[in-house]
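Visitor: For reference, the file protein20.cif (mmCIF, C-alpha atoms) is included below:
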```cif
data_work
loop_
_atom_site.group_PDB
_atom_site.id
_atom_site.type_symbol
_atom_site.label_atom_id
_atom_site.label_comp_id
_atom_site.auth_asym_id
_atom_site.auth_seq_id
_atom_site.Cartn_x
_atom_site.Cartn_y
_atom_site.Cartn_z
ATOM 1 C CA MET X 1 18.851 -8.306 8.682
ATOM 2 C CA GLY X 2 16.430 -9.029 11.513
ATOM 3 C CA GLU X 3 15.767 -12.664 12.304
ATOM 4 C CA SER X 4 12.172 -12.267 11.121
ATOM 5 C CA ASN X 5 13.404 -11.884 7.568
ATOM 6 C CA THR X 6 16.179 -14.466 7.327
ATOM 7 C CA HIS X 7 13.980 -17.204 5.875
ATOM 8 C CA GLN X 8 11.455 -15.140 4.014
ATOM 9 C CA ARG X 9 11.522 -12.840 1.016
ATOM 10 C CA PHE X 10 9.363 -9.738 0.976
ATOM 11 C CA THR X 11 7.321 -11.379 -1.779
ATOM 12 C CA ASP X 12 6.339 -14.060 0.757
ATOM 13 C CA LEU X 13 4.792 -11.548 3.159
ATOM 14 C CA ASP X 14 0.981 -11.600 3.194
ATOM 15 C CA VAL X 15 0.919 -7.844 3.636
ATOM 16 C CA TRP X 16 2.992 -7.326 0.497
ATOM 17 C CA LYS X 17 0.835 -9.796 -1.462
ATOM 18 C CA GLN X 18 -2.365 -7.984 -0.493
ATOM 19 C CA ALA X 19 -0.817 -4.586 -1.230
ATOM 20 C CA ARG X 20 0.201 -5.884 -4.642
ATOM 21 C CA LEU X 21 -3.345 -7.061 -5.363
ATOM 22 C CA LEU X 22 -4.631 -3.626 -4.382
ATOM 23 C CA LYS X 23 -2.066 -2.039 -6.690
ATOM 24 C CA LEU X 24 -3.111 -4.174 -9.635
ATOM 25 C CA GLU X 25 -6.785 -3.427 -9.042
ATOM 26 C CA VAL X 26 -6.103 0.306 -8.819
ATOM 27 C CA TYR X 27 -4.175 0.073 -12.101
ATOM 28 C CA GLU X 28 -7.254 -1.441 -13.745
ATOM 29 C CA LEU X 29 -9.504 1.193 -12.203
ATOM 30 C CA ILE X 30 -7.479 4.188 -13.373
ATOM 31 C CA LYS X 31 -7.623 3.018 -16.974
ATOM 32 C CA GLN X 32 -11.224 4.233 -16.897
ATOM 33 C CA PHE X 33 -10.394 7.758 -15.725
ATOM 34 C CA PRO X 34 -10.594 10.638 -18.215
ATOM 35 C CA ASN X 35 -7.471 11.578 -20.177
ATOM 36 C CA GLU X 36 -7.310 15.004 -18.546
ATOM 37 C CA GLU X 37 -6.486 13.236 -15.251
ATOM 38 C CA LYS X 38 -3.507 11.383 -16.749
ATOM 39 C CA TYR X 39 -0.925 13.687 -15.158
ATOM 40 C CA ASP X 40 -2.931 14.568 -12.088
ATOM 41 C CA LEU X 41 -5.107 12.104 -10.211
ATOM 42 C CA VAL X 42 -4.036 9.060 -12.236
ATOM 43 C CA SER X 43 -0.367 9.832 -11.673
ATOM 44 C CA GLN X 44 -0.875 10.501 -7.965
ATOM 45 C CA LEU X 45 -2.868 7.310 -7.475
ATOM 46 C CA ARG X 46 -0.317 5.255 -9.385
ATOM 47 C CA ARG X 47 2.593 6.641 -7.349
ATOM 48 C CA SER X 48 0.893 6.260 -3.973
ATOM 49 C CA VAL X 49 -0.327 2.701 -4.570
ATOM 50 C CA ARG X 50 3.143 1.710 -5.811
ATOM 51 C CA SER X 51 4.628 3.256 -2.704
ATOM 52 C CA VAL X 52 2.652 0.928 -0.435
ATOM 53 C CA CYS X 53 4.385 -2.148 -1.900
ATOM 54 C CA SER X 54 7.726 -0.439 -2.432
ATOM 55 C CA ASN X 55 8.057 0.684 1.164
ATOM 56 C CA ILE X 56 7.211 -2.777 2.492
ATOM 57 C CA ALA X 57 9.885 -4.225 0.200
ATOM 58 C CA GLU X 58 12.478 -1.583 1.042
ATOM 59 C CA GLY X 59 11.889 -1.945 4.765
ATOM 60 C CA HIS X 60 12.224 -5.695 4.496
ATOM 61 C CA GLY X 61 15.650 -5.252 2.977
ATOM 62 C CA ARG X 62 16.903 -3.030 5.780
ATOM 63 C CA PHE X 63 19.260 -4.238 8.461
ATOM 64 C CA THR X 64 17.459 -3.222 11.651
ATOM 65 C CA TYR X 65 13.941 -3.596 12.936
ATOM 66 C CA LYS X 66 13.893 0.168 13.476
ATOM 67 C CA ASP X 67 14.568 0.764 9.763
ATOM 68 C CA GLN X 68 12.022 -1.867 8.771
ATOM 69 C CA LEU X 69 9.465 -0.216 11.020
ATOM 70 C CA HIS X 70 10.141 3.216 9.523
ATOM 71 C CA PHE X 71 9.393 2.014 6.000
ATOM 72 C CA CYS X 72 6.254 0.165 7.076
ATOM 73 C CA ILE X 73 4.974 3.348 8.676
ATOM 74 C CA GLN X 74 5.728 5.141 5.391
ATOM 75 C CA SER X 75 3.769 2.412 3.617
ATOM 76 C CA ARG X 76 0.804 2.989 5.929
ATOM 77 C CA GLY X 77 0.900 6.682 5.072
ATOM 78 C CA SER X 78 0.904 5.855 1.372
ATOM 79 C CA LEU X 79 -2.076 3.567 1.897
ATOM 80 C CA SER X 80 -3.989 6.455 3.463
ATOM 81 C CA GLU X 81 -3.004 8.574 0.475
ATOM 82 C CA VAL X 82 -4.413 5.927 -1.878
ATOM 83 C CA LEU X 83 -7.737 6.017 -0.086
ATOM 84 C CA ASN X 84 -7.787 9.815 -0.183
ATOM 85 C CA HIS X 85 -7.189 9.780 -3.958
ATOM 86 C CA LEU X 86 -9.974 7.230 -4.395
ATOM 87 C CA ILE X 87 -12.289 9.514 -2.442
ATOM 88 C CA ASP X 88 -11.209 12.314 -4.794
ATOM 89 C CA ALA X 89 -12.091 10.073 -7.740
ATOM 90 C CA HIS X 90 -15.527 9.527 -6.231
ATOM 91 C CA ASP X 91 -15.953 13.257 -5.614
ATOM 92 C CA CYS X 92 -15.118 13.873 -9.288
ATOM 93 C CA GLN X 93 -17.660 11.172 -10.240
ATOM 94 C CA TYR X 94 -15.048 8.908 -11.837
ATOM 95 C CA ILE X 95 -16.153 6.056 -9.579
ATOM 96 C CA ASP X 96 -19.479 5.432 -7.921
ATOM 97 C CA ARG X 97 -20.119 4.970 -4.212
ATOM 98 C CA GLU X 98 -20.200 1.172 -4.507
ATOM 99 C CA LYS X 99 -16.792 1.045 -6.212
ATOM 100 C CA LEU X 100 -15.357 3.375 -3.555
ATOM 101 C CA LYS X 101 -16.752 1.125 -0.824
ATOM 102 C CA ILE X 102 -15.111 -1.939 -2.402
ATOM 103 C CA PHE X 103 -11.752 -0.171 -2.496
ATOM 104 C CA GLU X 104 -12.187 1.125 1.050
ATOM 105 C CA GLU X 105 -12.634 -2.478 2.183
ATOM 106 C CA LYS X 106 -9.517 -3.524 0.279
ATOM 107 C CA THR X 107 -7.485 -0.779 1.961
ATOM 108 C CA VAL X 108 -8.790 -1.914 5.351
ATOM 109 C CA VAL X 109 -7.508 -5.445 4.657
ATOM 110 C CA VAL X 110 -4.058 -4.109 3.764
ATOM 111 C CA ALA X 111 -4.083 -1.724 6.738
ATOM 112 C CA LYS X 112 -4.871 -4.530 9.184
ATOM 113 C CA LEU X 113 -2.054 -6.673 7.824
ATOM 114 C CA LEU X 114 0.306 -3.718 7.819
ATOM 115 C CA ASN X 115 -0.615 -2.788 11.390
ATOM 116 C CA GLY X 116 0.006 -6.386 12.447
ATOM 117 C CA TYR X 117 3.397 -6.355 10.767
ATOM 118 C CA ILE X 118 4.235 -3.021 12.404
ATOM 119 C CA THR X 119 3.281 -4.456 15.800
ATOM 120 C CA PHE X 120 5.473 -7.487 15.138
ATOM 121 C CA LEU X 121 8.415 -5.268 14.174
ATOM 122 C CA ARG X 122 7.933 -3.034 17.238
ATOM 123 C CA ASN X 123 7.876 -6.050 19.519
ATOM 124 C CA ALA X 124 10.968 -7.493 17.855
ATOM 125 C CA ALA X 125 12.777 -4.154 18.149
ATOM 126 C CA ASN X 126 11.883 -3.916 21.841
ATOM 127 C CA GLN X 127 13.238 -7.411 22.554
ATOM 128 C CA LYS X 128 16.719 -6.435 21.389
#
```
Once more with this new file: its structure as structure tokens, please.
Guide:
Amino acid sequence: MGESNTHQRFTDLDVWKQARLLKLEVYELIKQFPNEEKYDLVSQLRRSVRSVCSNIAEGHGRFTYKDQLHFCIQSRGSLSEVLNHLIDAHDCQYIDREKLKIFEEKTVVVAKLLNGYITFLRNAANQK
């Protein structure tokens, strides 16, 4: 495993912690969605928000910085997917504009941390 991860578990990473908070808040939000969305938008949102955390964790457990970087980039894609599904929820009038704005801000926080972690991993990979 890369030296960046030898003294730290993925659960210690700020990016993972913030992604987890986002996940938990999305879980609370989707409880309010109509039953007819249970297997559509709710399922898609649940899977994509889980994927943000899961990919950070999986990348952290990989042996090389290149592998870690790959999974963090996947996580960033999942984060974009989460935001897209939240926009869909707004378009379907399941959440109001204010709620969407709050979640947009939360995704920006995670994205900034994730981009910082990606930059760190790229720099570490380039130093090898």
Visitor: Using all atoms listed in the file, which residues sit within 10 Å of Gln32 of chain X once same-chain residues fewer than 5 positions away are excluded, as a PyMOL selection string?
Guide: chain X and resi 27+42+94-95
Visitor: Which residues fall under the PyMOL selection byres ((chain X and resi 89-91) around 12) in this file, as a ChimeraX atom specification?
Guide: /X:26,29-30,32-34,37,40-42,44-45,82-88,92-101,103-104
Visitor: Please list as a ChimeraX atom specification every residue within 10 Å of segment 54-70 of chain X, counting all atoms listed in the file and excluding residues in the same chain fewer than 3 positions away.
Guide: /X:1-5,8-11,13,15-16,19-20,48-51,73-76,78,114,117-126,128
Visitor: Provide the atom CA of Glu28 of chain X to atom CA of Val109 of chain X distance in Å, to one decimal place.
Guide: 18.8 Å
Visitor: Which one is closest to Leu22 of chain X: X:Phe71, X:Gly77, X:Asn115, X:Cys53? Count all atoms listed in the file.
Guide: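 Of all the options, X:Cys53 lies closest to Leu22 of chain X.
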Visitor: Please, what distance in Å, to one decimal, runs between atom CA of Lys38 of chain X and atom CA of Lys106 of chain X?
Guide: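 Between atom CA of Lys38 of chain X and atom CA of Lys106 of chain X the gap is 23.4 Å.
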Visitor: Between atom CA of Asp14 of chain X and atom CA of Ser80 of chain X, measure the distance and give it in Å to one decimal.
Guide: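 Taking atom CA of Asp14 of chain X as the start and atom CA of Ser80 of chain X as the end point, the length is 18.7 Å.
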Visitor: Could you give me the centre and size, in Å to one decimal, of an axis-aligned box around all listed atoms of segment 19-36 of chain X with 5 Å added on every side, as lines of an AutoDock Vina configuration file?
Guide:
```
center_x = -5.5
center_y = 4.0
center_z = -10.7
size_x = 21.4
size_y = 32.1
size_z = 28.9
```
